[in-house]
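Chemist: One file is attached below, data.pdb, containing PDB, C-alpha atoms and all ligand atoms.
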ATOM      1  CA  MET A   1     126.691  56.480 129.830
ATOM      2  CA  SER A   2     128.349  53.184 128.894
ATOM      3  CA  ALA A   3     132.068  53.041 128.176
ATOM      4  CA  GLU A   4     131.204  52.203 124.552
ATOM      5  CA  THR A   5     128.939  55.284 124.150
ATOM      6  CA  ALA A   6     131.603  57.482 125.724
ATOM      7  CA  GLU A   7     134.166  56.116 123.298
ATOM      8  CA  ILE A   8     131.896  56.818 120.278
ATOM      9  CA  GLN A   9     131.356  60.386 121.509
ATOM     10  CA  THR A  10     135.076  60.915 121.933
ATOM     11  CA  ASP A  11     135.648  59.607 118.391
ATOM     12  CA  LEU A  12     132.981  61.921 116.966
ATOM     13  CA  ARG A  13     134.443  64.895 118.786
ATOM     14  CA  GLU A  14     137.893  64.081 117.445
ATOM     15  CA  GLN A  15     136.463  63.892 113.900
ATOM     16  CA  VAL A  16     134.849  67.327 114.326
ATOM     17  CA  ALA A  17     138.079  68.718 115.796
ATOM     18  CA  GLN A  18     140.025  67.421 112.787
ATOM     19  CA  ARG A  19     137.598  69.033 110.303
ATOM     20  CA  VAL A  20     137.691  72.295 112.253
ATOM     21  CA  ARG A  21     141.490  72.321 112.105
ATOM     22  CA  ALA A  22     141.478  71.420 108.407
ATOM     23  CA  LEU A  23     139.246  74.421 107.656
ATOM     24  CA  GLY A  24     141.980  76.853 108.731
ATOM     25  CA  ASP A  25     141.999  79.697 111.219
ATOM     26  CA  TRP A  26     138.534  80.677 112.421
ATOM     27  CA  PHE A  27     137.420  84.213 113.310
ATOM     28  CA  HIS A  28     134.107  83.017 114.778
ATOM     29  CA  ASN A  29     134.217  80.925 117.901
ATOM     30  CA  LEU A  30     131.435  78.377 117.455
ATOM     31  CA  ASP A  31     130.662  75.409 119.633
ATOM     32  CA  ILE A  32     130.272  72.393 117.372
ATOM     33  CA  GLY A  33     129.521  69.326 119.442
ATOM     34  CA  GLY A  34     131.764  70.511 122.244
ATOM     35  CA  VAL A  35     134.563  71.633 119.902
ATOM     36  CA  GLN A  36     135.402  75.356 120.025
ATOM     37  CA  THR A  37     136.462  76.720 116.657
ATOM     38  CA  ALA A  38     138.385  79.793 117.906
ATOM     39  CA  PRO A  39     138.983  79.320 121.620
ATOM     40  CA  ASP A  40     141.917  81.767 121.695
ATOM     41  CA  HIS A  41     140.172  84.685 119.931
ATOM     42  CA  PHE A  42     141.763  88.023 120.881
ATOM     43  CA  LEU A  43     138.299  89.426 121.716
ATOM     44  CA  GLY A  44     137.304  86.484 123.930
ATOM     45  CA  ASP A  45     134.355  84.228 123.110
ATOM     46  CA  TYR A  46     133.677  86.137 119.900
ATOM     47  CA  PRO A  47     131.169  87.058 118.603
ATOM     48  CA  ARG A  48     129.015  85.581 121.377
ATOM     49  CA  VAL A  49     130.166  88.290 123.828
ATOM     50  CA  LYS A  50     129.074  90.948 121.313
ATOM     51  CA  TRP A  51     125.795  89.218 120.428
ATOM     52  CA  ARG A  52     124.773  89.035 124.108
ATOM     53  CA  ARG A  53     124.890  92.836 124.214
ATOM     54  CA  PHE A  54     122.423  93.386 121.357
ATOM     55  CA  GLN A  55     120.463  90.153 120.948
ATOM     56  CA  ASP A  56     117.394  91.625 122.684
ATOM     57  CA  ALA A  57     117.155  94.380 120.071
ATOM     58  CA  ILE A  58     116.226  91.830 117.382
ATOM     59  CA  PRO A  59     112.828  90.081 117.418
ATOM     60  CA  ALA A  60     113.045  86.774 119.312
ATOM     61  CA  ASP A  61     110.655  85.080 116.891
ATOM     62  CA  LEU A  62     111.656  85.322 113.238
ATOM     63  CA  HIS A  63     109.152  82.859 111.801
ATOM     64  CA  GLY A  64     107.943  84.141 108.431
ATOM     65  CA  LYS A  65     111.005  86.378 108.012
ATOM     66  CA  THR A  66     113.871  86.307 105.546
ATOM     67  CA  VAL A  67     117.374  87.346 106.583
ATOM     68  CA  LEU A  68     120.491  88.323 104.658
ATOM     69  CA  ASP A  69     123.796  88.200 106.568
ATOM     70  CA  ILE A  70     126.397  90.237 104.645
ATOM     71  CA  GLY A  71     129.991  89.290 105.470
ATOM     72  CA  CYS A  72     128.690  86.243 107.295
ATOM     73  CA  ASN A  73     132.145  84.804 108.019
ATOM     74  CA  ALA A  74     131.710  81.368 109.668
ATOM     75  CA  GLY A  75     127.993  81.944 110.072
ATOM     76  CA  PHE A  76     127.583  82.740 113.783
ATOM     77  CA  TYR A  77     124.840  85.326 113.187
ATOM     78  CA  SER A  78     123.219  83.371 110.333
ATOM     79  CA  ILE A  79     122.895  80.434 112.712
ATOM     80  CA  GLU A  80     121.446  82.645 115.463
ATOM     81  CA  MET A  81     118.820  83.951 113.000
ATOM     82  CA  LYS A  82     117.909  80.377 112.094
ATOM     83  CA  ARG A  83     117.706  79.448 115.801
ATOM     84  CA  ARG A  84     115.045  82.170 116.061
ATOM     85  CA  GLY A  85     113.013  80.438 113.369
ATOM     86  CA  ALA A  86     113.732  82.618 110.306
ATOM     87  CA  ASP A  87     112.140  81.013 107.234
ATOM     88  CA  ARG A  88     115.133  81.696 105.046
ATOM     89  CA  VAL A  89     118.653  82.832 105.853
ATOM     90  CA  VAL A  90     121.199  83.702 103.192
ATOM     91  CA  GLY A  91     124.804  84.348 104.219
ATOM     92  CA  ILE A  92     127.198  85.990 101.795
ATOM     93  CA  ASP A  93     130.927  86.570 102.059
ATOM     94  CA  PHE A  94     133.631  86.996  99.466
ATOM     95  CA  ASP A  95     136.051  84.718 101.282
ATOM     96  CA  GLU A  96     135.738  81.044 100.327
ATOM     97  CA  LYS A  97     137.623  79.890 103.398
ATOM     98  CA  TYR A  98     135.051  81.440 105.715
ATOM     99  CA  LEU A  99     132.176  80.156 103.597
ATOM    100  CA  ALA A 100     133.528  76.596 103.876
ATOM    101  CA  GLN A 101     133.646  77.021 107.659
ATOM    102  CA  ALA A 102     130.089  78.383 107.674
ATOM    103  CA  GLN A 103     128.772  75.515 105.557
ATOM    104  CA  PHE A 104     130.464  72.944 107.767
ATOM    105  CA  ALA A 105     129.154  74.563 110.971
ATOM    106  CA  ALA A 106     125.578  74.892 109.689
ATOM    107  CA  ASP A 107     125.534  71.291 108.440
ATOM    108  CA  ALA A 108     127.040  69.943 111.655
ATOM    109  CA  LEU A 109     124.556  71.892 113.788
ATOM    110  CA  GLY A 110     121.612  70.953 111.546
ATOM    111  CA  PHE A 111     120.644  74.408 110.234
ATOM    112  CA  GLU A 112     119.559  74.960 106.651
ATOM    113  CA  ILE A 113     121.247  78.166 105.518
ATOM    114  CA  GLU A 114     122.190  79.226 101.998
ATOM    115  CA  PHE A 115     125.774  80.448 101.793
ATOM    116  CA  ARG A 116     126.984  82.213  98.674
ATOM    117  CA  LYS A 117     130.283  83.670  97.580
ATOM    118  CA  LEU A 118     129.358  87.248  96.845
ATOM    119  CA  SER A 119     130.765  90.680  97.555
ATOM    120  CA  VAL A 120     128.600  93.337  99.161
ATOM    121  CA  TYR A 121     129.163  95.352  95.987
ATOM    122  CA  ASP A 122     127.314  92.666  94.024
ATOM    123  CA  VAL A 123     124.202  92.278  96.193
ATOM    124  CA  HIS A 124     122.036  93.149  93.190
ATOM    125  CA  GLU A 125     122.890  89.645  91.904
ATOM    126  CA  LEU A 126     120.733  88.163  94.667
ATOM    127  CA  GLY A 127     117.665  89.577  92.897
ATOM    128  CA  GLU A 128     115.765  89.503  96.177
ATOM    129  CA  LYS A 129     114.950  91.755  99.135
ATOM    130  CA  PHE A 130     115.031  90.632 102.760
ATOM    131  CA  ASP A 131     113.036  91.519 105.896
ATOM    132  CA  ILE A 132     116.224  91.748 107.940
ATOM    133  CA  VAL A 133     119.710  92.577 106.698
ATOM    134  CA  LEU A 134     122.730  92.130 108.960
ATOM    135  CA  PHE A 135     125.803  94.178 108.114
ATOM    136  CA  LEU A 136     128.076  93.499 111.039
ATOM    137  CA  GLY A 137     131.790  94.126 111.167
ATOM    138  CA  VAL A 138     132.188  94.719 107.423
ATOM    139  CA  PHE A 139     131.827  98.494 106.897
ATOM    140  CA  TYR A 140     135.378  99.445 107.943
ATOM    141  CA  HIS A 141     136.876  96.668 105.785
ATOM    142  CA  LEU A 142     135.602  98.360 102.642
ATOM    143  CA  ARG A 143     137.360 100.859 100.430
ATOM    144  CA  HIS A 144     133.948 102.171  99.383
ATOM    145  CA  PRO A 145     131.759 102.030 102.488
ATOM    146  CA  LEU A 146     129.108 104.558 101.440
ATOM    147  CA  LEU A 147     128.673 102.815  98.105
ATOM    148  CA  ALA A 148     128.037  99.571  99.990
ATOM    149  CA  LEU A 149     125.320 101.234 102.102
ATOM    150  CA  ASP A 150     123.694 102.672  98.975
ATOM    151  CA  LEU A 151     123.705  99.282  97.258
ATOM    152  CA  ILE A 152     122.248  97.522 100.291
ATOM    153  CA  HIS A 153     119.540 100.161 100.545
ATOM    154  CA  GLN A 154     118.685  99.931  96.872
ATOM    155  CA  HIS A 155     118.849  96.194  96.276
ATOM    156  CA  VAL A 156     118.319  94.052  99.387
ATOM    157  CA  ALA A 157     116.983  95.954 102.414
ATOM    158  CA  THR A 158     113.276  96.518 103.007
ATOM    159  CA  ASP A 159     112.789  96.872 106.745
ATOM    160  CA  LEU A 160     115.248  96.096 109.547
ATOM    161  CA  PHE A 161     118.920  96.831 109.009
ATOM    162  CA  ILE A 162     121.338  95.812 111.762
ATOM    163  CA  PHE A 163     124.657  97.593 111.483
ATOM    164  CA  GLN A 164     127.935  97.331 113.367
ATOM    165  CA  SER A 165     131.220  99.078 112.798
ATOM    166  CA  LEU A 166     134.486  99.507 114.594
ATOM    167  CA  GLN A 167     134.534 103.148 115.767
ATOM    168  CA  ARG A 168     137.283 105.434 116.964
ATOM    169  CA  GLY A 169     137.480 109.079 117.983
ATOM    170  CA  SER A 170     134.847 111.042 119.813
ATOM    171  CA  GLU A 171     131.513 109.544 120.825
ATOM    172  CA  ALA A 172     129.955 113.014 120.838
ATOM    173  CA  ILE A 173     127.005 113.769 118.616
ATOM    174  CA  GLU A 174     126.458 117.364 117.622
ATOM    175  CA  LEU A 175     123.344 118.916 116.182
ATOM    176  CA  LEU A 176     124.568 120.429 112.918
ATOM    177  CA  GLU A 177     123.107 123.163 110.773
ATOM    178  CA  ASP A 178     121.654 122.297 107.380
ATOM    179  CA  ASP A 179     124.309 124.371 105.661
ATOM    180  CA  TYR A 180     127.477 126.382 106.431
ATOM    181  CA  GLU A 181     129.152 129.325 104.774
ATOM    182  CA  PHE A 182     132.330 128.516 102.816
ATOM    183  CA  SER A 183     134.268 130.613 105.341
ATOM    184  CA  GLU A 184     133.166 128.375 108.242
ATOM    185  CA  THR A 185     136.066 126.141 109.253
ATOM    186  CA  ASP A 186     135.754 125.729 113.023
ATOM    187  CA  VAL A 187     132.866 123.278 112.738
ATOM    188  CA  PHE A 188     135.227 120.637 111.337
ATOM    189  CA  GLU A 189     137.249 120.733 114.543
ATOM    190  CA  ARG A 190     134.305 119.971 116.784
ATOM    191  CA  PRO A 191     134.381 116.462 118.312
ATOM    192  CA  GLY A 192     130.789 115.773 117.285
ATOM    193  CA  PHE A 193     131.363 116.494 113.593
ATOM    194  CA  PRO A 194     131.177 113.304 111.445
ATOM    195  CA  LYS A 195     134.692 112.024 110.688
ATOM    196  CA  MET A 196     136.204 108.959 109.045
ATOM    197  CA  TYR A 197     139.828 108.072 109.687
ATOM    198  CA  PHE A 198     141.544 106.704 106.592
ATOM    199  CA  ILE A 199     144.077 103.963 107.251
ATOM    200  CA  GLU A 200     146.664 104.032 104.506
ATOM    201  CA  LYS A 201     148.796 101.265 105.995
ATOM    202  CA  ARG A 202     147.456  99.051 108.768
ATOM    203  CA  TYR A 203     145.438  99.162 111.928
ATOM    204  CA  SER A 204     145.671  96.233 114.335
ATOM    205  CA  GLY A 205     147.867  94.436 111.812
ATOM    206  CA  ASP A 206     144.955  94.119 109.382
ATOM    207  CA  PRO A 207     145.540  95.571 105.903
ATOM    208  CA  THR A 208     141.781  95.479 105.199
ATOM    209  CA  ASN A 209     140.907  98.066 107.843
ATOM    210  CA  TRP A 210     140.417 101.040 105.509
ATOM    211  CA  TRP A 211     138.083 103.548 107.147
ATOM    212  CA  ILE A 212     137.210 103.958 110.816
ATOM    213  CA  PRO A 213     134.329 106.343 111.539
ATOM    214  CA  ASN A 214     133.513 108.173 114.731
ATOM    215  CA  ARG A 215     130.048 107.735 116.158
ATOM    216  CA  ALA A 216     128.634 110.885 114.560
ATOM    217  CA  CYS A 217     129.862 109.702 111.170
ATOM    218  CA  VAL A 218     128.245 106.278 111.486
ATOM    219  CA  GLU A 219     124.914 107.859 112.319
ATOM    220  CA  ALA A 220     125.144 110.504 109.594
ATOM    221  CA  MET A 221     126.120 108.016 106.893
ATOM    222  CA  LEU A 222     123.315 105.646 107.820
ATOM    223  CA  ARG A 223     120.751 108.471 107.669
ATOM    224  CA  SER A 224     122.207 109.711 104.421
ATOM    225  CA  ALA A 225     121.910 106.239 102.871
ATOM    226  CA  GLY A 226     118.234 105.975 103.842
ATOM    227  CA  PHE A 227     118.347 104.157 107.169
ATOM    228  CA  ASP A 228     116.529 105.627 110.178
ATOM    229  CA  ILE A 229     118.228 104.750 113.453
ATOM    230  CA  VAL A 230     115.658 103.288 115.851
ATOM    231  CA  ASP A 231     117.843 101.696 118.522
ATOM    232  CA  HIS A 232     121.425 101.803 119.728
ATOM    233  CA  PRO A 233     121.694  98.706 121.927
ATOM    234  CA  GLU A 234     125.485  98.528 122.015
ATOM    235  CA  ALA A 235     128.266 101.081 121.443
ATOM    236  CA  GLU A 236     129.009  99.806 117.911
ATOM    237  CA  VAL A 237     125.612  98.391 116.961
ATOM    238  CA  LEU A 238     122.699 100.325 115.487
ATOM    239  CA  VAL A 239     119.264  99.011 114.636
ATOM    240  CA  CYS A 240     117.829 100.853 111.652
ATOM    241  CA  ARG A 241     114.731 100.879 109.493
ATOM    242  CA  HIS A 242     114.812 101.266 105.748
ATOM    243  CA  ARG A 243     113.266 104.535 104.577
ATOM    244  CA  ALA A 244     112.408 105.568 101.035
ATOM    245  CA  LEU A 245     114.896 108.159  99.846
ATOM    246  CA  PRO A 246     113.863 111.436  98.304
ATOM    247  CA  SER A 247     115.548 112.020  94.981
ATOM    248  CA  GLY A 248     118.794 113.939  95.234
ATOM    249  CA  PRO A 249     122.488 113.757  94.562
ATOM    250  CA  ARG A 250     123.595 110.362  95.835
ATOM    251  CA  ALA A 251     126.159 107.793  94.826
ATOM    252  CA  ILE A 252     124.841 105.910  91.839
ATOM    253  CA  TYR A 253     125.804 102.331  91.249
ATOM    254  CA  VAL A 254     127.505 101.835  87.931
ATOM    255  CA  PRO A 255     128.270  98.121  87.486
ATOM    256  CA  ILE A 256     131.968  97.650  86.866
ATOM    257  CA  ARG A 257     134.283  94.722  87.457
ATOM    258  CA  ARG A 258     134.100  93.438  91.038
ATOM    259  CA  ASP A 259     137.905  93.433  91.279
ATOM    260  CA  ASP A 260     137.825  97.195  90.972
ATOM    261  CA  TYR A 261     136.131  97.377  94.363
ATOM    262  CA  ASP A 262     137.875  94.614  96.287
TER     263      ASP A 262
HETATM  264  C1  LIG A 301     135.351  91.217 110.867
HETATM  265  S1  LIG A 301     134.559  89.973 109.910
HETATM  266  C2  LIG A 301     132.893  90.129 110.542
HETATM  267  C3  LIG A 301     132.152  88.829 110.460
HETATM  268  C4  LIG A 301     130.734  88.841 111.031
HETATM  269  N1  LIG A 301     129.834  89.614 110.226
HETATM  270  C5  LIG A 301     130.757  89.349 112.439
HETATM  271  O1  LIG A 301     130.266  90.435 112.707
HETATM  272  O2  LIG A 301     131.287  88.632 113.291
HETATM  273  C6  LIG A 301     134.423  90.701 108.297
HETATM  274  C7  LIG A 301     133.849  89.743 107.265
HETATM  275  O3  LIG A 301     133.474  90.494 106.121
HETATM  276  C8  LIG A 301     133.916  89.813 104.972
HETATM  277  N2  LIG A 301     134.052  90.814 103.906
HETATM  278  C9  LIG A 301     134.974  91.802 103.803
HETATM  279  N3  LIG A 301     134.781  92.524 102.688
HETATM  280  C10 LIG A 301     133.701  91.991 102.076
HETATM  281  C11 LIG A 301     133.019  92.277 100.873
HETATM  282  N4  LIG A 301     133.409  93.263 100.062
HETATM  283  N5  LIG A 301     131.935  91.532 100.549
HETATM  284  C12 LIG A 301     131.541  90.522 101.346
HETATM  285  N6  LIG A 301     132.158  90.180 102.490
HETATM  286  C13 LIG A 301     133.239  90.902 102.844
HETATM  287  C14 LIG A 301     135.202  89.145 105.384
HETATM  288  O4  LIG A 301     135.559  88.081 104.530
HETATM  289  C15 LIG A 301     134.850  88.702 106.799
HETATM  290  O5  LIG A 301     134.256  87.433 106.816
END
So that I can check it, write out the structure of this file as structure tokens.
Modeler:
Amino acid sequence: MSAETAEIQTDLREQVAQRVRALGDWFHNLDIGGVQTAPDHFLGDYPRVKWRRFQDAIPADLHGKTVLDIGCNAGFYSIEMKRRGADRVVGIDFDEKYLAQAQFAADALGFEIEFRKLSVYDVHELGEKFDIVLFLGVFYHLRHPLLALDLIHQHVATDLFIFQSLQRGSEAIELLEDDYEFSETDVFERPGFPKMYFIEKRYSGDPTNWWIPNRACVEAMLRSAGFDIVDHPEAEVLVCRHRALPSGPRAIYVPIRRDDYD
């Protein structure tokens, strides 16, 4: 490489580094032309370290497929879906700062991805269903997590649903009866009973951590919302398939102002 070429590359890298800094603090560590966007992430090279643990559970060739990435943040997973050849990838997030990062990263890396400012509670506005829906790292940030699952099931999911949530408590799974007498109370104490921990104040300094399920709860809520669990490639990640729901008492989406949910 000539000294001139090396100088141009250094200039380009400095320009990227300046844009990355100008776009604020990054949660996703992306490599954009040799510039790391979040090199000091508290979870390491995140989310690449996570992705490596479940990437083989998603088809390697996504040609002909459409993907929706809910809570896409700076677009790490949207970009990975596009790398696998997905025809169309839509990333939604309600945070404009993250969407600006995602748009910059996708443009700089040469991936055509549609990013939209949209809350998970408003997915009906997309007016479209997707072959693959990613719902990674968002569930526990919601005040109404089961409503979100119901809305995703009803409005945007058709086949594969890739889910990840922070989990705490027991990892036990217990086979439960279909029904219990009103006098039965011991079952609630069992480690394998589905439980969600409500965080009134903060967890890990983050005021948006609202509900943290145990493993049994994640699985039960997914089944209850119409998602069959077909793979469990990583402790927090479940691969599911959309299943038609029999009619029954479920949460029903009544459109109200988005602010009421956020
Ligand atoms: C912990 S990050 C996870 C990002 C990415 N999905 C991942 O797994 O690395 C949570 C993301 O969800 C977004 N988010 C939180 N609540 C949301 C909502 N109601 N609708 C859409 N996005 C939301 C946040 O802005 C943030 O980008």
Chemist: Find the residues near ligand LIG 301 (chain A). Use a cut-off of 7 Å, count all atoms listed in the file, and write them as a PDB file with C-alpha atoms, keeping the file's coordinate frame.
Modeler:
ATOM      1  CA  HIS A  28     134.107  83.017 114.778  1.00  0.00           C
ATOM      2  CA  PRO A  47     131.169  87.058 118.603  1.00  0.00           C
ATOM      3  CA  ILE A  70     126.397  90.237 104.645  1.00  0.00           C
ATOM      4  CA  GLY A  71     129.991  89.290 105.470  1.00  0.00           C
ATOM      5  CA  CYS A  72     128.690  86.243 107.295  1.00  0.00           C
ATOM      6  CA  ASN A  73     132.145  84.804 108.019  1.00  0.00           C
ATOM      7  CA  PHE A  76     127.583  82.740 113.783  1.00  0.00           C
ATOM      8  CA  ILE A  92     127.198  85.990 101.795  1.00  0.00           C
ATOM      9  CA  ASP A  93     130.927  86.570 102.059  1.00  0.00           C
ATOM     10  CA  PHE A  94     133.631  86.996  99.466  1.00  0.00           C
ATOM     11  CA  ASP A  95     136.051  84.718 101.282  1.00  0.00           C
ATOM     12  CA  TYR A  98     135.051  81.440 105.715  1.00  0.00           C
ATOM     13  CA  LEU A 118     129.358  87.248  96.845  1.00  0.00           C
ATOM     14  CA  SER A 119     130.765  90.680  97.555  1.00  0.00           C
ATOM     15  CA  VAL A 120     128.600  93.337  99.161  1.00  0.00           C
ATOM     16  CA  TYR A 121     129.163  95.352  95.987  1.00  0.00           C
ATOM     17  CA  PHE A 135     125.803  94.178 108.114  1.00  0.00           C
ATOM     18  CA  LEU A 136     128.076  93.499 111.039  1.00  0.00           C
ATOM     19  CA  GLY A 137     131.790  94.126 111.167  1.00  0.00           C
ATOM     20  CA  VAL A 138     132.188  94.719 107.423  1.00  0.00           C
ATOM     21  CA  HIS A 141     136.876  96.668 105.785  1.00  0.00           C
ATOM     22  CA  LEU A 142     135.602  98.360 102.642  1.00  0.00           C
ATOM     23  CA  ASP A 262     137.875  94.614  96.287  1.00  0.00           C
TER      24      ASP A 262
END
Chemist: Restricting the calculation to all atoms listed in the file, which member of A:Leu245, A:Val230, A:Ala60, A:Leu175 is positioned closest to A:Ala216?
Modeler: A:Leu175
Chemist: If we count only C-alpha atoms and set the cut-off at 9 Å, which residues sit around stretch 103-115 of chain A, ignoring sequence neighbours fewer than 5 positions away in its own chain? Please answer as a count of residues only.
Modeler: 23
Chemist: Which distance in Å separates atom CA of A:Lys129 and atom CA of A:Cys217, to one decimal?
Modeler: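 Going from atom CA of A:Lys129 over to atom CA of A:Cys217 covers 26.3 Å.
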Chemist: Would you compute the distance between atom CA of A:Asp61 and atom CA of A:His155? Give it in Å to one decimal.
Modeler: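 Interatomic distance here is 24.8 Å.
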Chemist: What is the distance between atom CA of A:Ile229 and atom CA of A:Asp150, in Å to one decimal?
Modeler: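 For atom CA of A:Ile229 relative to atom CA of A:Asp150, the distance reads 15.6 Å.
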Chemist: Looking at only C-alpha atoms, which of A:Asp25, A:Glu128, A:Asp186, A:Glu236 is the one that sits closest to A:Arg168?
Modeler: A:Glu236
Chemist: Would you mind telling me which residue in A:Glu171, A:Asp122, A:Glu7, A:Asp45 lies nearest to A:Ala148 when using all atoms listed in the file?
Modeler: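 The closest residue to A:Ala148 is A:Asp122.
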Chemist: Applying the PyMOL selection byres (((chain A and resi 234) around 12) and not hetatm) to the file I just gave you, which residues come out? Please list them as a list in words.
Modeler: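 Expected selection for the PyMOL selection byres (((chain A and resi 234) around 12) and not hetatm) here is Val49, Lys50, Trp51, Arg52, Arg53, Phe54, Gln55, Asp56, Ala57, Ile162, Phe163, Gln164, Ser165, Leu166, Gln167, Arg215, Asp231, His232, Pro233, Ala235, Glu236, Val237, Leu238 and Val239 of chain A.
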Chemist: Excluding same-chain residues fewer than 4 positions from A:Tyr203, what lies within 12 Å of it counting only C-alpha atoms, as a list of chain:residue names?
Modeler: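 Here the answer would be A:Tyr140, A:His141, A:Leu166, A:Arg168, A:Tyr197, A:Phe198, A:Ile199, A:Pro207, A:Thr208, A:Asn209, A:Trp210, A:Trp211, A:Ile212.
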Chemist: Of the candidates A:His153, A:Val187, A:Gly205, A:Ala3, which one gets nearest to A:His242 if we count only C-alpha atoms?
Modeler: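 That would be A:His153, the residue with the smallest distance to A:His242.
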Chemist: Kindly provide, as a list in words, the polymer residues lying within 8 Å of (112.7, 83.0, 107.4), counting only C-alpha atoms and using the coordinates exactly as they appear in the file.
Modeler: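 It turns out the residues near that spot are Leu62, His63, Gly64, Lys65, Thr66, Val67, Lys82, Gly85, Ala86, Asp87, Arg88 and Val89 of chain A.
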